[in-house]
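> Here's a structure for you.
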Amino acid sequence: MGFAELLRSNCAADWDAAVNHPFVDQLFDGSLPDDHLRRYLVQDYQFCDAFTALLGQAVASAPSLPSRLVFARVLGAFASDENTYFQDCFEELSVPEADRIAPSLGPATRDFDALMRSAIATRSYPDVLAVVLVAEWLYGGWASRAGDPATWPSAPKHSEWIRLHNNPEYNTWVEWLRAEFDAVEPVSAEDRARVAGTFAEAVRLERTFFDAALVPPDSNAEAR
Ligand SMILES: Cc1ncc(CN)c(N)n1
């Protein structure tokens, strides 16, 4: 078993809960209330800020030009396709300007932001990769459950979020990330434990990020 698969299996409960989350089920059948989608997208746009910086660090920390180019291409797609999806949804869901730019962050968003910025600060390739891998692999995992595109929900605000994480280029990118992560598996027990801890925390936060979208903000405040 490769390092990636080992770390995933070590936190299978959180992984499976995120991949099979009710938020995802409601996205698939088109029943996700706009309020929940809006809350999720407002927080996720802030996630995307640190994630873009994380991909930039991956460009800087990668050991070779071929690897840097992969991250650079993904950064480009992220800055166009994915950003367009957010802007279109913000318009459709009448998200106020303040919530697009500087909303108050929920606990999961804040903790994810801190995790990404601490991975960036290490400048260590395996540490950066651990968070990128979880964010992309886990999203590929839930999106792959959508099955035949003919059965996807009709509204673009739902189907486009699936398509962005379930298409041949995306699947190739996730496969590449896994191989890249396995290839830089740390040798020392200390480094392995640190990277494993980062991986597990990212998986836990993916689950709580979906939880937060389905829980009213006041309940989030009480949970703090
Ligand atoms: C919280 C979260 N995790 C992962 C992804 C996919 N890049 C995302 N958009 N948001």
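FYI, nothing fancy with the structure tokens labels: chains A, B, ... in order, residues from 1 per chain, ligands from 1 as they appear.
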Leaving out stretch 125-133 of chain A and any residue of its chain fewer than 5 positions from it, which residues lie within 6 Å of it when counting only C-alpha atoms, given as a ChimeraX atom specification?
/A:61,119,195,199
> Near A:Asp14, within 12 Å and counting only C-alpha atoms, which residues show up once chain neighbours fewer than 6 positions away are dropped, as a ChimeraX atom specification?
/A:7-8,20-21,134,138,199-211
> Kindly export the residues of the current selection with C-alpha atoms, as a tab-separated table (two decimals), in the first residue's frame.

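What landed in part_30.tsv:
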```
chain	number	residue	atom	x	y	z
A	7	LEU	CA	-2.88	7.72	5.37
A	8	ARG	CA	-6.36	7.66	3.80
A	20	ASN	CA	-20.93	10.33	1.53
A	21	HIS	CA	-22.06	13.53	3.23
A	134	VAL	CA	-6.61	15.59	0.54
A	138	LEU	CA	-11.52	13.71	-1.41
A	199	PHE	CA	-3.24	14.76	6.21
A	200	ALA	CA	-5.61	13.54	8.96
A	201	GLU	CA	-6.42	17.10	10.08
A	202	ALA	CA	-7.25	18.08	6.49
A	203	VAL	CA	-9.63	15.11	6.18
A	204	ARG	CA	-11.31	15.99	9.49
A	205	LEU	CA	-11.77	19.57	8.31
A	206	GLU	CA	-13.26	18.49	4.96
A	207	ARG	CA	-15.94	16.65	6.93
A	208	THR	CA	-16.65	19.59	9.27
A	209	PHE	CA	-16.68	21.98	6.30
A	210	PHE	CA	-19.64	20.08	4.82
A	211	ASP	CA	-21.26	19.81	8.29
```
> Using only C-alpha atoms, which residues sit within 8 Å of stretch 64-74 of chain A once same-chain residues fewer than 6 positions away are excluded, as a list in words?
Leu55, Gly56 and Ala58 of chain A
> Would you output that residue set with C-alpha atoms, as an mmCIF file, in the first residue's frame?

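Okay, this is what ended up in again_6.cif:
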```
data_model
loop_
_atom_site.group_PDB
_atom_site.id
_atom_site.type_symbol
_atom_site.label_atom_id
_atom_site.label_comp_id
_atom_site.auth_asym_id
_atom_site.auth_seq_id
_atom_site.Cartn_x
_atom_site.Cartn_y
_atom_site.Cartn_z
ATOM 1 C CA LEU A 55 -0.810 25.742 -5.068
ATOM 2 C CA GLY A 56 1.619 28.627 -5.553
ATOM 3 C CA ALA A 58 3.592 23.786 -4.526
#
```
> What residues of the protein or nucleic acid chains come within 7 Å of ligand 1 when you use only C-alpha atoms and all ligand atoms? Reply as a ChimeraX atom specification.
/A:44,47-48,135-136,139,206,209
> Kindly save the residues from that selection, with N, CA and C atoms included, as a compact mmCIF listing (two decimals), in the first residue's frame.

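File produced: selection-v4.txt:
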```
# COMPACT_ATOMS: atom_id res chain seq x y z
N ASP A 44 -16.44 28.63 1.04
CA ASP A 44 -15.48 27.93 0.16
C ASP A 44 -14.66 28.92 -0.67
N PHE A 47 -11.86 29.61 1.41
CA PHE A 47 -10.96 28.45 1.35
C PHE A 47 -10.09 28.56 0.10
N CYS A 48 -10.71 28.97 -1.01
CA CYS A 48 -10.00 29.03 -2.29
C CYS A 48 -8.87 30.05 -2.27
N ALA A 135 -7.46 17.71 -0.33
CA ALA A 135 -8.51 18.59 -0.88
C ALA A 135 -8.97 18.11 -2.25
N GLU A 136 -8.06 17.62 -3.07
CA GLU A 136 -8.42 17.24 -4.43
C GLU A 136 -8.91 15.79 -4.53
N TYR A 139 -12.40 15.44 -2.90
CA TYR A 139 -13.43 16.02 -3.77
C TYR A 139 -13.67 15.13 -4.99
N GLU A 206 -12.36 18.64 6.12
CA GLU A 206 -13.26 18.49 4.96
C GLU A 206 -14.64 18.05 5.45
N PHE A 209 -16.31 20.92 7.26
CA PHE A 209 -16.68 21.98 6.30
C PHE A 209 -18.06 21.69 5.70
```
> May I ask which of the residues A:Ser118, A:Thr52, A:Ser154, A:Ser144 is the closest one to A:Glu82, counting only C-alpha atoms?
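Using only C-alpha atoms, the shortest distance to A:Glu82 belongs to A:Thr52.
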> Tell me which of A:Arg178, A:His158, A:Ala60, A:Glu91 sits closest to A:Ile120, counting only C-alpha atoms.
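Closest to A:Ile120, using only C-alpha atoms: A:Ala60.
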> Find the spatial neighbours of stretch 24-29 of chain A, counting only C-alpha atoms, within a cut-off of 8 Å - ignore same-chain residues fewer than 4 positions away - and output them as an NGL selection string.
:A and (19-20 or 142 or 146 or 152-153 or 158-159)
> The selected residues should be written to file as a short mmCIF file (atom, residue, chain, number, x, y, z; two decimals), in the first residue's frame (atoms: C-alpha atoms).

```cif
data_model
loop_
_atom_site.label_atom_id
_atom_site.label_comp_id
_atom_site.auth_asym_id
_atom_site.auth_seq_id
_atom_site.Cartn_x
_atom_site.Cartn_y
_atom_site.Cartn_z
CA VAL A 19 -17.43 11.58 0.65
CA ASN A 20 -20.93 10.33 1.53
CA TRP A 142 -17.50 12.44 -3.63
CA ALA A 146 -22.43 11.15 -9.20
CA TRP A 152 -26.86 14.85 -12.79
CA PRO A 153 -29.08 17.66 -11.51
CA HIS A 158 -25.32 21.99 -8.85
CA SER A 159 -24.07 20.17 -11.95
#
```
> From a DSSP calculation on the backbone, collect every residue of stretch 34-208 of chain A in alpha helix (DSSP H) and output the set as a PyMOL selection string.
chain A and resi 34-61+65-77+83-92+97-101+107-122+125-144+156-163+168-183+189-208
